[in-house]
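Input: a single structure, listed below in structure tokens.
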Amino acid sequence: GELWAMESQQVAKGVRALLELLVKRDEEKKKGEKKELFEDAEYVTVSVTMKKLPAKTKVNAYRIPLKHSLYSEGEICLLTKDPQSDYEAALENHPVEEVKQVIGVSSLRKEYSQYEDKRKLAASFDLFLADDRILPMLPPLIGKHFFKHGKQPIPVKLGKGNFSERLATARDSTYLYIRGGSCCSLRVGKTDFTAEQLIENIEQAVPATISKIPGKWDNVQSIHLKSSSSLALPLYKALPKITRI
């Protein structure tokens, strides 16, 4: 349909080309190194370039569910109101395996006041989730480092009832920020995913992303796929409009 202007073959081609590039690169590296290199998997991102800049920007991210989670088996930190022990107790009753640490606002203020502590905290987890009620307080408490490295906390409603399901939903989603530039990108997988997993995530995430862009497909110039260290590979390019003279 109109929602899916990209060809499935082009997605499969782009994914396979990216994975081949990464395999080649790893082989080159291994030739140059005596010992085998075991590198952490990188994120694979889709970036959408728009024809016209969005008139309105949105501070918070759009949440886009993914079939294959980026953060299952990852390390998640949950930032909460005080007392943090209430949330730790709730998680003991309804555990979400990936949530490895809970930090309340006062602990954050006390234990992570120095730049170096904030930097280490940002590097220690794959994803930060935060009680939506403390979100406005967080920027000065966590510092610029989180935002610079794409670790800004994702709001979750922890207010009522068992919130573990909401944490699991947040874990199994990716996040789209439409800021003000002509390009927006979102993570759709990791370099250790299979081609099939990447294709399924892209085919789920791209239409959802386009539906959030002002002007939808009409405003899409191009879509590319890349990992943190690879070239950008084209998935879609808008055809030039042909007008008769």
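For the structure tokens, the naming scheme is as follows: chains receive sequential letters (A, B, ...) according to their order of presentation, residues are indexed from 1 within each chain, and ligands are indexed from 1 in presentation order.
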Next item on the list: Identify, with DSSP run on backbone atoms, the residues in segment 101-244 of chain A assigned to alpha helix (DSSP H), and express the list as a PyMOL selection string.
Entry: chain A and resi 105-111+115-124+138-142+144-148+164-171+195-212
Sorted by chain and rising residue number, list the residues of segment 87-131 of chain A at most 12 Å from segment 170-186 of chain A (counting only C-alpha atoms), each with its closest atom pair and distance in Å to one decimal, as a tab-separated table.
```
residue	atom	partner	partner_atom	distance
A:Val96	CA	A:Arg171	CA	9.4
A:Glu97	CA	A:Arg171	CA	10.6
A:Glu98	CA	A:Arg171	CA	8.4
A:Val99	CA	A:Arg171	CA	9.3
A:Asp126	CA	A:Arg171	CA	10.2
A:Leu127	CA	A:Arg171	CA	8.1
A:Phe128	CA	A:Arg171	CA	9.6
A:Leu129	CA	A:Ala170	CA	7.8
A:Ala130	CA	A:Ala170	CA	10.4
A:Asp131	CA	A:Ala170	CA	11.8
```
Produce a file of the selected residues containing N, CA, C and O atoms, as an mmCIF file, in the first residue's frame.
```
data_model
loop_
_atom_site.group_PDB
_atom_site.id
_atom_site.type_symbol
_atom_site.label_atom_id
_atom_site.label_comp_id
_atom_site.auth_asym_id
_atom_site.auth_seq_id
_atom_site.Cartn_x
_atom_site.Cartn_y
_atom_site.Cartn_z
ATOM 1 N N VAL A 96 11.855 -7.676 35.722
ATOM 2 C CA VAL A 96 12.164 -7.521 34.300
ATOM 3 C C VAL A 96 13.674 -7.746 34.255
ATOM 4 O O VAL A 96 14.442 -6.923 34.743
ATOM 5 N N GLU A 97 14.051 -8.883 33.716
ATOM 6 C CA GLU A 97 15.430 -9.378 33.841
ATOM 7 C C GLU A 97 16.500 -8.344 33.472
ATOM 8 O O GLU A 97 17.552 -8.257 34.097
ATOM 9 N N GLU A 98 16.209 -7.545 32.444
ATOM 10 C CA GLU A 98 17.243 -6.616 31.955
ATOM 11 C C GLU A 98 17.431 -5.396 32.860
ATOM 12 O O GLU A 98 18.432 -4.688 32.731
ATOM 13 N N VAL A 99 16.469 -5.115 33.722
ATOM 14 C CA VAL A 99 16.616 -3.946 34.621
ATOM 15 C C VAL A 99 17.578 -4.333 35.745
ATOM 16 O O VAL A 99 17.233 -5.060 36.669
ATOM 17 N N ASP A 126 22.803 0.055 28.524
ATOM 18 C CA ASP A 126 22.390 0.173 27.118
ATOM 19 C C ASP A 126 21.198 1.106 26.969
ATOM 20 O O ASP A 126 21.018 1.742 25.945
ATOM 21 N N LEU A 127 20.365 1.148 28.023
ATOM 22 C CA LEU A 127 19.125 1.924 27.942
ATOM 23 C C LEU A 127 18.773 2.455 29.329
ATOM 24 O O LEU A 127 18.956 1.755 30.331
ATOM 25 N N PHE A 128 18.305 3.690 29.366
ATOM 26 C CA PHE A 128 17.822 4.285 30.612
ATOM 27 C C PHE A 128 16.326 4.540 30.481
ATOM 28 O O PHE A 128 15.887 5.151 29.504
ATOM 29 N N LEU A 129 15.574 4.052 31.466
ATOM 30 C CA LEU A 129 14.140 4.328 31.531
ATOM 31 C C LEU A 129 13.909 5.189 32.757
ATOM 32 O O LEU A 129 14.615 5.046 33.757
ATOM 33 N N ALA A 130 12.947 6.099 32.689
ATOM 34 C CA ALA A 130 12.713 6.998 33.830
ATOM 35 C C ALA A 130 11.227 7.177 34.076
ATOM 36 O O ALA A 130 10.423 7.228 33.135
ATOM 37 N N ASP A 131 10.879 7.271 35.341
ATOM 38 C CA ASP A 131 9.521 7.611 35.746
ATOM 39 C C ASP A 131 9.165 8.933 35.062
ATOM 40 O O ASP A 131 9.897 9.920 35.182
#
```
Notebook entry, point to check: Per DSSP on the backbone, what are the strand (DSSP E) residues of segment 128-182 of chain A, as a PyMOL selection string?
Noted result: chain A and resi 128-131+154-156+173-176
For the selection you just gave me, I'd like the residues written to a file as a PDB file, in the first residue's frame, keeping all heavy atoms.
```pdb
ATOM      1  N   PHE A 128      18.305   3.690  29.366  1.00  0.00           N
ATOM      2  CA  PHE A 128      17.822   4.285  30.612  1.00  0.00           C
ATOM      3  C   PHE A 128      16.326   4.540  30.481  1.00  0.00           C
ATOM      4  O   PHE A 128      15.887   5.151  29.504  1.00  0.00           O
ATOM      5  CB  PHE A 128      18.552   5.617  30.899  1.00  0.00           C
ATOM      6  CG  PHE A 128      19.984   5.414  31.316  1.00  0.00           C
ATOM      7  CD1 PHE A 128      20.978   5.255  30.355  1.00  0.00           C
ATOM      8  CD2 PHE A 128      20.337   5.351  32.661  1.00  0.00           C
ATOM      9  CE1 PHE A 128      22.292   5.032  30.736  1.00  0.00           C
ATOM     10  CE2 PHE A 128      21.651   5.132  33.046  1.00  0.00           C
ATOM     11  CZ  PHE A 128      22.636   4.967  32.088  1.00  0.00           C
ATOM     12  N   LEU A 129      15.574   4.052  31.466  1.00  0.00           N
ATOM     13  CA  LEU A 129      14.140   4.328  31.531  1.00  0.00           C
ATOM     14  C   LEU A 129      13.909   5.189  32.757  1.00  0.00           C
ATOM     15  O   LEU A 129      14.615   5.046  33.757  1.00  0.00           O
ATOM     16  CB  LEU A 129      13.344   3.021  31.645  1.00  0.00           C
ATOM     17  CG  LEU A 129      13.546   2.013  30.499  1.00  0.00           C
ATOM     18  CD1 LEU A 129      12.792   0.716  30.776  1.00  0.00           C
ATOM     19  CD2 LEU A 129      13.103   2.603  29.166  1.00  0.00           C
ATOM     20  N   ALA A 130      12.947   6.099  32.689  1.00  0.00           N
ATOM     21  CA  ALA A 130      12.713   6.998  33.830  1.00  0.00           C
ATOM     22  C   ALA A 130      11.227   7.177  34.076  1.00  0.00           C
ATOM     23  O   ALA A 130      10.423   7.228  33.135  1.00  0.00           O
ATOM     24  CB  ALA A 130      13.356   8.361  33.559  1.00  0.00           C
ATOM     25  N   ASP A 131      10.879   7.271  35.341  1.00  0.00           N
ATOM     26  CA  ASP A 131       9.521   7.611  35.746  1.00  0.00           C
ATOM     27  C   ASP A 131       9.165   8.933  35.062  1.00  0.00           C
ATOM     28  O   ASP A 131       9.897   9.920  35.182  1.00  0.00           O
ATOM     29  CB  ASP A 131       9.503   7.778  37.276  1.00  0.00           C
ATOM     30  CG  ASP A 131       8.091   7.963  37.819  1.00  0.00           C
ATOM     31  OD1 ASP A 131       7.267   8.600  37.136  1.00  0.00           O
ATOM     32  OD2 ASP A 131       7.843   7.488  38.937  1.00  0.00           O
ATOM     33  N   ILE A 154      14.168   7.320  28.629  1.00  0.00           N
ATOM     34  CA  ILE A 154      12.860   7.171  27.986  1.00  0.00           C
ATOM     35  C   ILE A 154      11.790   7.169  29.082  1.00  0.00           C
ATOM     36  O   ILE A 154      11.896   6.403  30.046  1.00  0.00           O
ATOM     37  CB  ILE A 154      12.821   5.833  27.199  1.00  0.00           C
ATOM     38  CG1 ILE A 154      13.883   5.829  26.080  1.00  0.00           C
ATOM     39  CG2 ILE A 154      11.431   5.540  26.671  1.00  0.00           C
ATOM     40  CD1 ILE A 154      13.734   6.869  25.007  1.00  0.00           C
ATOM     41  N   PRO A 155      10.767   8.022  28.965  1.00  0.00           N
ATOM     42  CA  PRO A 155       9.741   8.070  30.021  1.00  0.00           C
ATOM     43  C   PRO A 155       8.841   6.838  30.032  1.00  0.00           C
ATOM     44  O   PRO A 155       8.443   6.341  28.984  1.00  0.00           O
ATOM     45  CB  PRO A 155       8.927   9.324  29.671  1.00  0.00           C
ATOM     46  CG  PRO A 155       9.186   9.576  28.222  1.00  0.00           C
ATOM     47  CD  PRO A 155      10.527   9.014  27.903  1.00  0.00           C
ATOM     48  N   VAL A 156       8.565   6.358  31.238  1.00  0.00           N
ATOM     49  CA  VAL A 156       7.632   5.245  31.430  1.00  0.00           C
ATOM     50  C   VAL A 156       6.707   5.633  32.586  1.00  0.00           C
ATOM     51  O   VAL A 156       7.160   6.240  33.560  1.00  0.00           O
ATOM     52  CB  VAL A 156       8.392   3.939  31.796  1.00  0.00           C
ATOM     53  CG1 VAL A 156       7.426   2.782  31.985  1.00  0.00           C
ATOM     54  CG2 VAL A 156       9.410   3.586  30.718  1.00  0.00           C
ATOM     55  N   SER A 173      11.039  -1.675  22.295  1.00  0.00           N
ATOM     56  CA  SER A 173      10.702  -0.628  21.317  1.00  0.00           C
ATOM     57  C   SER A 173      11.963   0.115  20.901  1.00  0.00           C
ATOM     58  O   SER A 173      13.004  -0.013  21.536  1.00  0.00           O
ATOM     59  CB  SER A 173       9.724   0.375  21.944  1.00  0.00           C
ATOM     60  OG  SER A 173       8.549  -0.281  22.353  1.00  0.00           O
ATOM     61  N   THR A 174      11.832   0.890  19.836  1.00  0.00           N
ATOM     62  CA  THR A 174      12.899   1.805  19.451  1.00  0.00           C
ATOM     63  C   THR A 174      12.310   3.210  19.472  1.00  0.00           C
ATOM     64  O   THR A 174      11.089   3.371  19.581  1.00  0.00           O
ATOM     65  CB  THR A 174      13.495   1.432  18.076  1.00  0.00           C
ATOM     66  OG1 THR A 174      14.644   2.252  17.831  1.00  0.00           O
ATOM     67  CG2 THR A 174      12.499   1.597  16.933  1.00  0.00           C
ATOM     68  N   TYR A 175      13.166   4.234  19.392  1.00  0.00           N
ATOM     69  CA  TYR A 175      12.690   5.597  19.679  1.00  0.00           C
ATOM     70  C   TYR A 175      13.101   6.564  18.579  1.00  0.00           C
ATOM     71  O   TYR A 175      14.254   6.606  18.164  1.00  0.00           O
ATOM     72  CB  TYR A 175      13.209   6.034  21.058  1.00  0.00           C
ATOM     73  CG  TYR A 175      12.628   5.122  22.115  1.00  0.00           C
ATOM     74  CD1 TYR A 175      13.291   3.963  22.513  1.00  0.00           C
ATOM     75  CD2 TYR A 175      11.347   5.349  22.613  1.00  0.00           C
ATOM     76  CE1 TYR A 175      12.707   3.070  23.402  1.00  0.00           C
ATOM     77  CE2 TYR A 175      10.755   4.468  23.505  1.00  0.00           C
ATOM     78  CZ  TYR A 175      11.443   3.330  23.896  1.00  0.00           C
ATOM     79  OH  TYR A 175      10.847   2.446  24.754  1.00  0.00           O
ATOM     80  N   LEU A 176      12.104   7.326  18.120  1.00  0.00           N
ATOM     81  CA  LEU A 176      12.298   8.258  17.012  1.00  0.00           C
ATOM     82  C   LEU A 176      12.174   9.686  17.525  1.00  0.00           C
ATOM     83  O   LEU A 176      11.160  10.047  18.121  1.00  0.00           O
ATOM     84  CB  LEU A 176      11.219   8.001  15.950  1.00  0.00           C
ATOM     85  CG  LEU A 176      11.106   9.027  14.821  1.00  0.00           C
ATOM     86  CD1 LEU A 176      12.297   8.923  13.872  1.00  0.00           C
ATOM     87  CD2 LEU A 176       9.801   8.834  14.047  1.00  0.00           C
TER      88      LEU A 176
END
```
Note to self: Report as a count of residues only all protein, DNA and RNA residues lying within 10 Å of Arg133 of chain A, evaluated on only C-alpha atoms, omitting residues in the same chain fewer than 5 positions from it.
What the structure shows: 7
Next item on the list: Show which residues sit within 12 Å of Arg187 of chain A, as a ChimeraX atom specification. Count only C-alpha atoms, and ignore same-chain residues fewer than 6 positions away.
Entry: /A:42-48,63-66,68-71,150,172-177,198,201-202,205-206,209,224-228
Next item on the list: Name the closest residue to Leu108 of chain A among the candidates A:Gly143, A:Pro240, A:Gly74, A:Pro95; distances are taken between atoms, counting only C-alpha atoms.
Entry: A:Gly143
Margin query: Could you list, as a list in words, every residue within 9 Å of segment 218-223 of chain A, counting only C-alpha atoms and ignoring same-chain residues fewer than 5 positions away?
Written below: Val46, Ser47, Val48, Thr49, Met50, Lys51, Lys52, Ile210, Ile213, Leu233, Pro234, Leu235, Tyr236, Lys237, Ala238 and Leu239 of chain A
Go ahead and dump the residues you just picked, all heavy atoms, as a short mmCIF file (atom, residue, chain, number, x, y, z; two decimals), in the first residue's frame.
```
data_model
loop_
_atom_site.label_atom_id
_atom_site.label_comp_id
_atom_site.auth_asym_id
_atom_site.auth_seq_id
_atom_site.Cartn_x
_atom_site.Cartn_y
_atom_site.Cartn_z
N VAL A 46 18.34 3.22 10.77
CA VAL A 46 17.72 3.67 9.53
C VAL A 46 17.62 5.17 9.63
O VAL A 46 17.17 5.70 10.66
CB VAL A 46 16.31 3.04 9.39
CG1 VAL A 46 15.44 3.84 8.43
CG2 VAL A 46 16.42 1.61 8.89
N SER A 47 18.06 5.89 8.61
CA SER A 47 17.90 7.35 8.65
C SER A 47 17.02 7.79 7.48
O SER A 47 17.15 7.30 6.36
CB SER A 47 19.24 8.07 8.64
OG SER A 47 19.93 7.74 7.48
N VAL A 48 16.10 8.70 7.81
CA VAL A 48 15.14 9.21 6.82
C VAL A 48 15.47 10.67 6.57
O VAL A 48 15.54 11.46 7.51
CB VAL A 48 13.69 9.08 7.36
CG1 VAL A 48 12.68 9.63 6.35
CG2 VAL A 48 13.38 7.62 7.70
N THR A 49 15.69 11.02 5.31
CA THR A 49 15.92 12.42 4.95
C THR A 49 14.64 12.99 4.36
O THR A 49 14.04 12.39 3.46
CB THR A 49 17.07 12.54 3.91
OG1 THR A 49 18.21 11.88 4.46
CG2 THR A 49 17.42 14.00 3.63
N MET A 50 14.23 14.13 4.93
CA MET A 50 12.96 14.75 4.48
C MET A 50 13.23 15.83 3.43
O MET A 50 14.30 16.44 3.42
CB MET A 50 12.25 15.37 5.69
CG MET A 50 11.76 14.34 6.68
SD MET A 50 11.10 15.10 8.19
CE MET A 50 12.51 14.97 9.29
N LYS A 51 12.24 16.07 2.57
CA LYS A 51 12.37 17.12 1.55
C LYS A 51 12.23 18.50 2.21
O LYS A 51 12.93 19.43 1.87
CB LYS A 51 11.29 16.96 0.48
CG LYS A 51 11.42 15.68 -0.34
CD LYS A 51 10.21 15.53 -1.27
CE LYS A 51 10.23 14.19 -1.97
NZ LYS A 51 8.98 13.95 -2.70
N LYS A 52 11.28 18.59 3.15
CA LYS A 52 11.05 19.88 3.83
C LYS A 52 11.26 19.71 5.32
O LYS A 52 10.90 18.66 5.89
CB LYS A 52 9.60 20.35 3.59
CG LYS A 52 9.35 20.77 2.15
CD LYS A 52 7.90 21.21 1.98
CE LYS A 52 7.65 21.65 0.54
NZ LYS A 52 6.22 21.69 0.24
N ILE A 210 7.43 6.67 9.06
CA ILE A 210 6.86 7.55 8.02
C ILE A 210 5.53 8.14 8.50
O ILE A 210 5.21 9.30 8.22
CB ILE A 210 6.69 6.81 6.68
CG1 ILE A 210 8.01 6.19 6.20
CG2 ILE A 210 6.09 7.72 5.61
CD1 ILE A 210 9.18 7.12 6.03
N ILE A 213 6.12 11.32 10.39
CA ILE A 213 6.79 12.44 9.71
C ILE A 213 5.76 13.36 9.07
O ILE A 213 4.83 12.87 8.41
CB ILE A 213 7.77 11.89 8.64
CG1 ILE A 213 9.01 11.32 9.33
CG2 ILE A 213 8.17 12.92 7.60
CD1 ILE A 213 9.95 10.60 8.41
N LEU A 233 23.90 2.81 3.28
CA LEU A 233 23.44 2.10 2.09
C LEU A 233 22.00 2.49 1.77
O LEU A 233 21.16 2.52 2.67
CB LEU A 233 23.52 0.59 2.33
CG LEU A 233 24.92 0.07 2.66
CD1 LEU A 233 24.85 -1.33 3.22
CD2 LEU A 233 25.81 0.10 1.44
N PRO A 234 21.69 2.81 0.51
CA PRO A 234 20.35 3.31 0.19
C PRO A 234 19.28 2.21 0.25
O PRO A 234 19.49 1.11 -0.24
CB PRO A 234 20.50 3.84 -1.24
CG PRO A 234 21.68 3.11 -1.80
CD PRO A 234 22.58 2.76 -0.66
N LEU A 235 18.14 2.53 0.86
CA LEU A 235 16.98 1.63 0.87
C LEU A 235 15.86 2.19 0.00
O LEU A 235 15.03 1.46 -0.51
CB LEU A 235 16.43 1.46 2.29
CG LEU A 235 17.28 0.70 3.31
CD1 LEU A 235 16.50 0.56 4.61
CD2 LEU A 235 17.66 -0.68 2.81
N TYR A 236 15.83 3.53 -0.12
CA TYR A 236 14.73 4.16 -0.87
C TYR A 236 15.16 5.55 -1.29
O TYR A 236 15.84 6.25 -0.55
CB TYR A 236 13.49 4.27 0.04
CG TYR A 236 12.38 5.13 -0.52
CD1 TYR A 236 11.45 4.61 -1.42
CD2 TYR A 236 12.24 6.47 -0.15
CE1 TYR A 236 10.43 5.40 -1.93
CE2 TYR A 236 11.23 7.26 -0.66
CZ TYR A 236 10.32 6.73 -1.56
OH TYR A 236 9.32 7.51 -2.06
N LYS A 237 14.77 5.94 -2.52
CA LYS A 237 15.02 7.32 -2.97
C LYS A 237 13.78 7.77 -3.72
O LYS A 237 13.26 7.04 -4.56
CB LYS A 237 16.24 7.33 -3.89
CG LYS A 237 16.80 8.72 -4.10
CD LYS A 237 18.15 8.63 -4.78
CE LYS A 237 18.92 9.92 -4.81
NZ LYS A 237 18.19 11.14 -4.95
N ALA A 238 13.30 8.97 -3.40
CA ALA A 238 12.11 9.49 -4.08
C ALA A 238 12.45 9.77 -5.54
O ALA A 238 13.54 10.26 -5.86
CB ALA A 238 11.66 10.78 -3.41
N LEU A 239 11.53 9.42 -6.42
CA LEU A 239 11.75 9.70 -7.85
C LEU A 239 11.51 11.18 -8.10
O LEU A 239 10.63 11.78 -7.50
CB LEU A 239 10.78 8.88 -8.70
CG LEU A 239 11.01 7.35 -8.67
CD1 LEU A 239 9.85 6.64 -9.33
CD2 LEU A 239 12.31 6.99 -9.37
#
```
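Minimum distance to Arg119 of chain A across A:Val59, A:Leu141, A:Leu21, A:Ala89 (counting only C-alpha atoms) occurs at A:Leu141.
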For Gly161 of chain A, please output as a PDB file with all heavy atoms, in the first residue's frame all residues within 12 Å (counting only C-alpha atoms; exclusion window: fewer than 3 positions along the same chain).
```pdb
ATOM      1  N   TYR A  87      10.442   0.881  44.465  1.00  0.00           N
ATOM      2  CA  TYR A  87      10.475   0.386  43.085  1.00  0.00           C
ATOM      3  C   TYR A  87      11.297  -0.902  43.002  1.00  0.00           C
ATOM      4  O   TYR A  87      10.975  -1.810  42.234  1.00  0.00           O
ATOM      5  CB  TYR A  87      11.026   1.470  42.152  1.00  0.00           C
ATOM      6  CG  TYR A  87      10.143   2.699  42.172  1.00  0.00           C
ATOM      7  CD1 TYR A  87      10.386   3.748  43.066  1.00  0.00           C
ATOM      8  CD2 TYR A  87       9.033   2.788  41.343  1.00  0.00           C
ATOM      9  CE1 TYR A  87       9.555   4.856  43.117  1.00  0.00           C
ATOM     10  CE2 TYR A  87       8.189   3.897  41.383  1.00  0.00           C
ATOM     11  CZ  TYR A  87       8.454   4.925  42.272  1.00  0.00           C
ATOM     12  OH  TYR A  87       7.619   6.005  42.321  1.00  0.00           O
ATOM     13  N   ALA A  90       9.002  -3.602  44.168  1.00  0.00           N
ATOM     14  CA  ALA A  90       8.012  -3.929  43.127  1.00  0.00           C
ATOM     15  C   ALA A  90       8.646  -4.789  42.035  1.00  0.00           C
ATOM     16  O   ALA A  90       8.032  -5.732  41.522  1.00  0.00           O
ATOM     17  CB  ALA A  90       7.444  -2.645  42.526  1.00  0.00           C
ATOM     18  N   LEU A  91       9.903  -4.484  41.707  1.00  0.00           N
ATOM     19  CA  LEU A  91      10.595  -5.253  40.667  1.00  0.00           C
ATOM     20  C   LEU A  91      10.969  -6.653  41.146  1.00  0.00           C
ATOM     21  O   LEU A  91      11.082  -7.572  40.335  1.00  0.00           O
ATOM     22  CB  LEU A  91      11.849  -4.517  40.193  1.00  0.00           C
ATOM     23  CG  LEU A  91      11.620  -3.504  39.068  1.00  0.00           C
ATOM     24  CD1 LEU A  91      12.849  -2.649  38.870  1.00  0.00           C
ATOM     25  CD2 LEU A  91      11.247  -4.198  37.760  1.00  0.00           C
ATOM     26  N   HIS A  94       7.793  -8.532  40.488  1.00  0.00           N
ATOM     27  CA  HIS A  94       7.536  -8.703  39.046  1.00  0.00           C
ATOM     28  C   HIS A  94       8.803  -8.332  38.284  1.00  0.00           C
ATOM     29  O   HIS A  94       8.901  -7.246  37.733  1.00  0.00           O
ATOM     30  CB  HIS A  94       6.370  -7.809  38.592  1.00  0.00           C
ATOM     31  CG  HIS A  94       5.100  -8.056  39.341  1.00  0.00           C
ATOM     32  ND1 HIS A  94       4.259  -9.101  39.041  1.00  0.00           N
ATOM     33  CD2 HIS A  94       4.544  -7.413  40.398  1.00  0.00           C
ATOM     34  CE1 HIS A  94       3.229  -9.082  39.874  1.00  0.00           C
ATOM     35  NE2 HIS A  94       3.377  -8.077  40.706  1.00  0.00           N
ATOM     36  N   LYS A 157       5.438   5.291  32.472  1.00  0.00           N
ATOM     37  CA  LYS A 157       4.496   5.595  33.563  1.00  0.00           C
ATOM     38  C   LYS A 157       4.652   4.544  34.668  1.00  0.00           C
ATOM     39  O   LYS A 157       4.327   3.384  34.455  1.00  0.00           O
ATOM     40  CB  LYS A 157       3.052   5.604  33.043  1.00  0.00           C
ATOM     41  CG  LYS A 157       2.755   6.795  32.156  1.00  0.00           C
ATOM     42  CD  LYS A 157       1.268   6.891  31.850  1.00  0.00           C
ATOM     43  CE  LYS A 157       0.966   7.983  30.832  1.00  0.00           C
ATOM     44  NZ  LYS A 157       1.514   9.300  31.145  1.00  0.00           N
ATOM     45  N   LEU A 158       5.179   4.971  35.802  1.00  0.00           N
ATOM     46  CA  LEU A 158       5.375   4.030  36.909  1.00  0.00           C
ATOM     47  C   LEU A 158       4.325   4.233  37.996  1.00  0.00           C
ATOM     48  O   LEU A 158       4.364   3.583  39.032  1.00  0.00           O
ATOM     49  CB  LEU A 158       6.776   4.206  37.529  1.00  0.00           C
ATOM     50  CG  LEU A 158       7.989   3.996  36.620  1.00  0.00           C
ATOM     51  CD1 LEU A 158       9.265   4.071  37.430  1.00  0.00           C
ATOM     52  CD2 LEU A 158       7.922   2.671  35.888  1.00  0.00           C
ATOM     53  N   SER A 164       5.784  -3.483  35.523  1.00  0.00           N
ATOM     54  CA  SER A 164       6.772  -4.314  34.824  1.00  0.00           C
ATOM     55  C   SER A 164       6.441  -4.507  33.348  1.00  0.00           C
ATOM     56  O   SER A 164       7.324  -4.522  32.505  1.00  0.00           O
ATOM     57  CB  SER A 164       6.908  -5.676  35.505  1.00  0.00           C
ATOM     58  OG  SER A 164       7.547  -5.504  36.748  1.00  0.00           O
ATOM     59  N   GLU A 165       5.132  -4.630  33.059  1.00  0.00           N
ATOM     60  CA  GLU A 165       4.727  -4.785  31.652  1.00  0.00           C
ATOM     61  C   GLU A 165       5.108  -3.549  30.842  1.00  0.00           C
ATOM     62  O   GLU A 165       5.524  -3.651  29.690  1.00  0.00           O
ATOM     63  CB  GLU A 165       3.215  -5.003  31.563  1.00  0.00           C
ATOM     64  CG  GLU A 165       2.841  -6.458  31.567  1.00  0.00           C
ATOM     65  CD  GLU A 165       1.344  -6.664  31.502  1.00  0.00           C
ATOM     66  OE1 GLU A 165       0.647  -5.869  30.821  1.00  0.00           O
ATOM     67  OE2 GLU A 165       0.864  -7.623  32.143  1.00  0.00           O
ATOM     68  N   ARG A 166       4.942  -2.376  31.476  1.00  0.00           N
ATOM     69  CA  ARG A 166       5.284  -1.122  30.780  1.00  0.00           C
ATOM     70  C   ARG A 166       6.791  -1.040  30.542  1.00  0.00           C
ATOM     71  O   ARG A 166       7.244  -0.519  29.530  1.00  0.00           O
ATOM     72  CB  ARG A 166       4.785   0.082  31.576  1.00  0.00           C
ATOM     73  CG  ARG A 166       3.307   0.378  31.339  1.00  0.00           C
ATOM     74  CD  ARG A 166       2.725   1.306  32.388  1.00  0.00           C
ATOM     75  NE  ARG A 166       1.992   0.566  33.410  1.00  0.00           N
ATOM     76  CZ  ARG A 166       1.746   1.013  34.626  1.00  0.00           C
ATOM     77  NH1 ARG A 166       2.183   2.205  35.000  1.00  0.00           N
ATOM     78  NH2 ARG A 166       1.063   0.293  35.478  1.00  0.00           N
TER      79      ARG A 166
END
```
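With atom CA of Glu203 of chain A on one side and atom CA of Trp217 of chain A on the other, the separation reads 14.7 Å.
Take atom CA of Lys144 of chain A and atom CA of Ala122 of chain A: the distance between them is 10.2 Å.
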Item checked: Two-atom distance - atom CA of Ala168 of chain A, atom CA of Ile76 of chain A (Å) -> 10.7 Å
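Minimum atom-to-atom distance to Tyr115 of chain A, evaluated using only C-alpha atoms, belongs to A:His145 out of A:Lys160, A:Lys100, A:His145, A:Arg16.
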